[in-house]
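Reading through the structure tokens given below for one structure.
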Amino acid sequence: MSAGSVAVVVPEDIAVPSWDLYELSLPCTVFGKPQPDLADPWYDLRLCGTGQADPGGLAVPGLALRTPYGLDDLVGADTVIVPSVPDACVEDGAPLPPALVSALRDAYDAGARMVSLCTGAFALAEAGLLDGRRATAHWMHTAQLAERYPKVQVDDSVLYVDDGDVLTSAGLTAGLDLCLHLVRRDLGAHVANQLARRMVVPAHRPGGQAQFVDLSVPATDDDGMAPVLEWARANLDRPLTVEDLARRAAMSPRTFYRRLQGATGMTPLQWLLNQRLSLAQSLLESTDLPIEKVGELSGLGTANNLRHHFIKQVGVSPSDYRRAFPRTA
């Protein structure tokens with residue numbers, strides 16, 4: 001497992017609205033602050049300006065940054081993140097700096113993992129890195145993304161898309177979901193979970209989760225679902241059914257099914273499976289329990305059943321996953 005270097009693009013030569021600083025702050029918070037007790041070395045973060053005259057100065061409205069890194073430093077980074085692009089590039093079709101587009105292509109060709117948050121997907125699309133790939137962006141801008149780049153398979157129903165060496169996320173807090181997902185991929189579930197706890201955010205929201213709540217479901221339904229979902233997470237070792245959860249929530253199974261799907265974008269069985277797999281990952285990383293016991297505690301049953309779902313959803317067997325993310329002292 002390795003953290004590696006992360007280069008974050010700051011397009012300061014076009015006006016960046018102050019509210020886009022949120023997307024910029026996410027990778028700085030996740031990858032920029034050392035966490036020696038979780039992983040040492042931590043990530044090597046670099047803020048890379050797009051200005052050509054003076055790459056050492058980033059002139060963002062209301063904020064002055066100094067960095068020795070420019071676009072040339074994208075090449076050689078293990079991960080390149082584009083947090084956003086100016087509104088004019090999205091709404092009005094203003095061109096992105098050709099030097100930035102070229103640098104993104106060069107970084108990808110050099111082997112970098114390419115990541116976009118929110119409207120940063122427009123930069124990856126302009127560089128041709130999303131052609132033929134499934135990708136997402138903030139739901140308010142996915143229509144423009146699909147229209148402008150017809151070769152991109154735009155999905156506006158997810159928080160983020162992991163396509164291996166190219167990853168994209170929706171806007172705002174979905175960018176944090178993706179950053180934590182990168183930590184999970186690089187350093188394992190235990191490190192990502194501990195980091196999320198320090199940031200006081202959920203450790204993991206499944207990538208297939210609906211990006212926004214169905215407006216046909218009253219907003220109070222989300223709050224009403226929380227107690228039963230927390231109870232379910234605490235009792236995953238039990239053979240839970242939709243009827244069990246509906247009874248706990250004092251609803252009919254049909255009503256419970258509708259409300260959970262409206263709040264999460266998943267059926268109750270899909271939601272339970274995701275929770276069980278997440279618990280199994282944590283147990284595999286943080287304990288030396290036998291595979292059979294992990295299957296029992298996570299509610300996935302026998303070792304064979306655990307292996308079946310793990311290979312299907314995670315892509316590797318439980319044993320291979322444990323070897324890839326060994327327990328740390």
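Here, A, B, ... name the chains of the structure tokens in the order displayed, residue numbers run from 1 inside each chain, and ligands are numbered from 1 in the same displayed order.
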Residues within 10 Å of His309 (chain A), please, as JSON, numbers by chain. Count only C-alpha atoms; anything in the same chain fewer than 5 positions from it doesn't count.
{"A": [273, 274, 276, 277, 300, 304, 314, 315, 316, 317, 318]}
Counting only C-alpha atoms, which residues of region 82-179 of chain A fall within 12 Å of region 24-41 of chain A, and what is the closest atom pair for each with its distance in Å at one decimal, ordered by chain and rising number, as a Markdown table?
| residue | atom | partner | partner_atom | distance |
| --- | --- | --- | --- | --- |
| A:Val82 | CA | A:Leu24 | CA | 8.5 |
| A:Pro83 | CA | A:Leu24 | CA | 5.5 |
| A:Ser84 | CA | A:Leu24 | CA | 7.7 |
| A:Val85 | CA | A:Leu24 | CA | 10.6 |
| A:Val115 | CA | A:Pro27 | CA | 10.6 |
| A:Ser116 | CA | A:Pro27 | CA | 10.7 |
| A:Leu117 | CA | A:Leu24 | CA | 8.9 |
| A:Cys118 | CA | A:Leu24 | CA | 10.5 |
| A:Thr119 | CA | A:Leu24 | CA | 11.7 |
| A:Gly120 | CA | A:Leu24 | CA | 10.6 |
| A:Gly171 | CA | A:Leu26 | CA | 11.2 |
| A:Leu172 | CA | A:Leu26 | CA | 8.9 |
| A:Thr173 | CA | A:Leu26 | CA | 8.6 |
| A:Ala174 | CA | A:Leu26 | CA | 10.1 |
| A:Gly175 | CA | A:Leu26 | CA | 7.1 |
| A:Leu176 | CA | A:Leu26 | CA | 6.1 |
| A:Asp177 | CA | A:Leu26 | CA | 9.8 |
| A:Leu178 | CA | A:Pro27 | CA | 9.7 |
| A:Cys179 | CA | A:Pro27 | CA | 6.6 |
Write out as a tab-separated table the residues of region 105-198 of chain A that have any atom within 7 Å of an atom of region 74-81 of chain A, one row each with the nearest atom pair and its distance in Å to one decimal, counting only C-alpha atoms, sorted by chain and then rising number.
residue	atom	partner	partner_atom	distance
A:Asp106	CA	A:Val75	CA	6.4
A:Ala107	CA	A:Val75	CA	4.4
A:Ala110	CA	A:Val75	CA	6.4
A:Ala112	CA	A:Asp78	CA	4.8
A:Arg113	CA	A:Thr79	CA	4.6
A:Met114	CA	A:Val80	CA	5.0
A:Val115	CA	A:Ile81	CA	4.6
A:Ser116	CA	A:Ile81	CA	5.5
Restrict the selected residues to N, CA and C atoms and save them as a PDB file, in the first residue's frame.
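This went into part27.pdb:
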ATOM      1  N   ASP A 106      -0.770  14.914 -20.851  1.00  0.00           N
ATOM      2  CA  ASP A 106       0.597  14.449 -20.596  1.00  0.00           C
ATOM      3  C   ASP A 106       0.684  13.681 -19.279  1.00  0.00           C
ATOM      4  N   ALA A 107      -0.020  14.171 -18.253  1.00  0.00           N
ATOM      5  CA  ALA A 107       0.014  13.493 -16.964  1.00  0.00           C
ATOM      6  C   ALA A 107      -0.602  12.107 -17.063  1.00  0.00           C
ATOM      7  N   ALA A 110       1.627   9.741 -18.771  1.00  0.00           N
ATOM      8  CA  ALA A 110       2.762   9.378 -17.923  1.00  0.00           C
ATOM      9  C   ALA A 110       2.358   8.398 -16.817  1.00  0.00           C
ATOM     10  N   ALA A 112      -0.450   8.856 -14.544  1.00  0.00           N
ATOM     11  CA  ALA A 112      -1.135   9.402 -13.375  1.00  0.00           C
ATOM     12  C   ALA A 112      -2.579   8.928 -13.319  1.00  0.00           C
ATOM     13  N   ARG A 113      -3.077   8.783 -12.105  1.00  0.00           N
ATOM     14  CA  ARG A 113      -4.496   8.533 -11.887  1.00  0.00           C
ATOM     15  C   ARG A 113      -5.194   9.887 -11.937  1.00  0.00           C
ATOM     16  N   MET A 114      -6.201  10.029 -12.796  1.00  0.00           N
ATOM     17  CA  MET A 114      -6.841  11.312 -13.033  1.00  0.00           C
ATOM     18  C   MET A 114      -8.172  11.376 -12.290  1.00  0.00           C
ATOM     19  N   VAL A 115      -8.388  12.499 -11.585  1.00  0.00           N
ATOM     20  CA  VAL A 115      -9.565  12.641 -10.730  1.00  0.00           C
ATOM     21  C   VAL A 115     -10.178  14.017 -10.953  1.00  0.00           C
ATOM     22  N   SER A 116     -11.509  14.068 -11.009  1.00  0.00           N
ATOM     23  CA  SER A 116     -12.189  15.358 -11.050  1.00  0.00           C
ATOM     24  C   SER A 116     -13.229  15.413  -9.949  1.00  0.00           C
TER      25      SER A 116
END
note - CA of Ser298 (chain A) and CA of Arg185 (chain A) are separated by 20.8 Å
What is the CA of Gly262 (chain A)-CA of Ser278 (chain A) distance in Å, reported with one decimal?
21.5 Å
Tell me, as a list in words, which residues lie within 8 Å of Tyr69 (chain A), counting only C-alpha atoms; anything in the same chain fewer than 2 positions away does not count.
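Residues meeting the cut-off are Arg46, Leu47, Cys48, Gly49, Pro55, Gly56, Thr67, Leu71, Asp72 and Asp73 of chain A.
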Go ahead and save the picked residues with N, CA and C atoms, as a PDB file, in the first residue's frame.
ATOM      1  N   ARG A  46       0.675  18.678  -3.714  1.00  0.00           N
ATOM      2  CA  ARG A  46       1.233  19.806  -4.458  1.00  0.00           C
ATOM      3  C   ARG A  46       0.086  20.586  -5.103  1.00  0.00           C
ATOM      4  N   LEU A  47       0.033  21.895  -4.854  1.00  0.00           N
ATOM      5  CA  LEU A  47      -0.918  22.761  -5.536  1.00  0.00           C
ATOM      6  C   LEU A  47      -0.238  23.316  -6.778  1.00  0.00           C
ATOM      7  N   CYS A  48      -0.821  23.048  -7.930  1.00  0.00           N
ATOM      8  CA  CYS A  48      -0.187  23.408  -9.200  1.00  0.00           C
ATOM      9  C   CYS A  48      -1.004  24.480  -9.907  1.00  0.00           C
ATOM     10  N   GLY A  49      -0.415  25.669 -10.087  1.00  0.00           N
ATOM     11  CA  GLY A  49      -1.104  26.757 -10.753  1.00  0.00           C
ATOM     12  C   GLY A  49      -1.051  26.611 -12.259  1.00  0.00           C
ATOM     13  N   PRO A  55       4.213  30.891 -12.124  1.00  0.00           N
ATOM     14  CA  PRO A  55       3.568  29.737 -11.504  1.00  0.00           C
ATOM     15  C   PRO A  55       3.692  29.727  -9.995  1.00  0.00           C
ATOM     16  N   GLY A  56       4.504  30.603  -9.441  1.00  0.00           N
ATOM     17  CA  GLY A  56       4.658  30.619  -7.991  1.00  0.00           C
ATOM     18  C   GLY A  56       3.560  31.377  -7.280  1.00  0.00           C
ATOM     19  N   THR A  67       3.125  28.828  -4.274  1.00  0.00           N
ATOM     20  CA  THR A  67       3.511  27.449  -4.529  1.00  0.00           C
ATOM     21  C   THR A  67       4.609  27.423  -5.580  1.00  0.00           C
ATOM     22  N   LEU A  71       2.062  23.759 -14.054  1.00  0.00           N
ATOM     23  CA  LEU A  71       1.484  22.684 -14.839  1.00  0.00           C
ATOM     24  C   LEU A  71       2.485  21.587 -15.172  1.00  0.00           C
ATOM     25  N   ASP A  72       3.732  21.939 -15.323  1.00  0.00           N
ATOM     26  CA  ASP A  72       4.744  20.934 -15.646  1.00  0.00           C
ATOM     27  C   ASP A  72       4.851  19.879 -14.547  1.00  0.00           C
ATOM     28  N   ASP A  73       4.448  20.239 -13.339  1.00  0.00           N
ATOM     29  CA  ASP A  73       4.570  19.313 -12.213  1.00  0.00           C
ATOM     30  C   ASP A  73       3.426  18.313 -12.138  1.00  0.00           C
TER      31      ASP A  73
END
Expected answer as a ChimeraX atom specification: alpha helix (DSSP H) residues in region 71-249 of chain A:
/A:87-91,98-109,121-126,142-148,173-187,189-199,220-234,242-248
Please report the interatomic distance between CA of Thr255 (chain A) and CA of Arg233 (chain A) in Å with one decimal.
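A separation of 20.1 Å between them.
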Neighbours of His190 (chain A) within 7 Å (only C-alpha atoms; same-chain residues fewer than 6 positions away dropped), as a count of residues only?
3
Would you pick out the contacts of Leu96 (chain A) at 10 Å or less, using only C-alpha atoms, so that residues sharing its chain but fewer than 2 positions from it are not included, and give the list as a list of chain:residue names?
A:Pro11, A:Ile14, A:Val85, A:Pro86, A:Ala88, A:Cys89, A:Val90, A:Gly93, A:Ala94, A:Pro98, A:Ala99, A:Leu100, A:Val101, A:Phe122, A:Ala123, A:Glu126, A:Ala127
Can you list, as a PyMOL selection string, every protein, DNA or RNA residue that comes within 12 Å of region 287-293 of chain A when you count only C-alpha atoms, leaving out same-chain residues fewer than 5 positions away?
chain A and resi 190+237+279-282+298-307+310+317-323+325-329
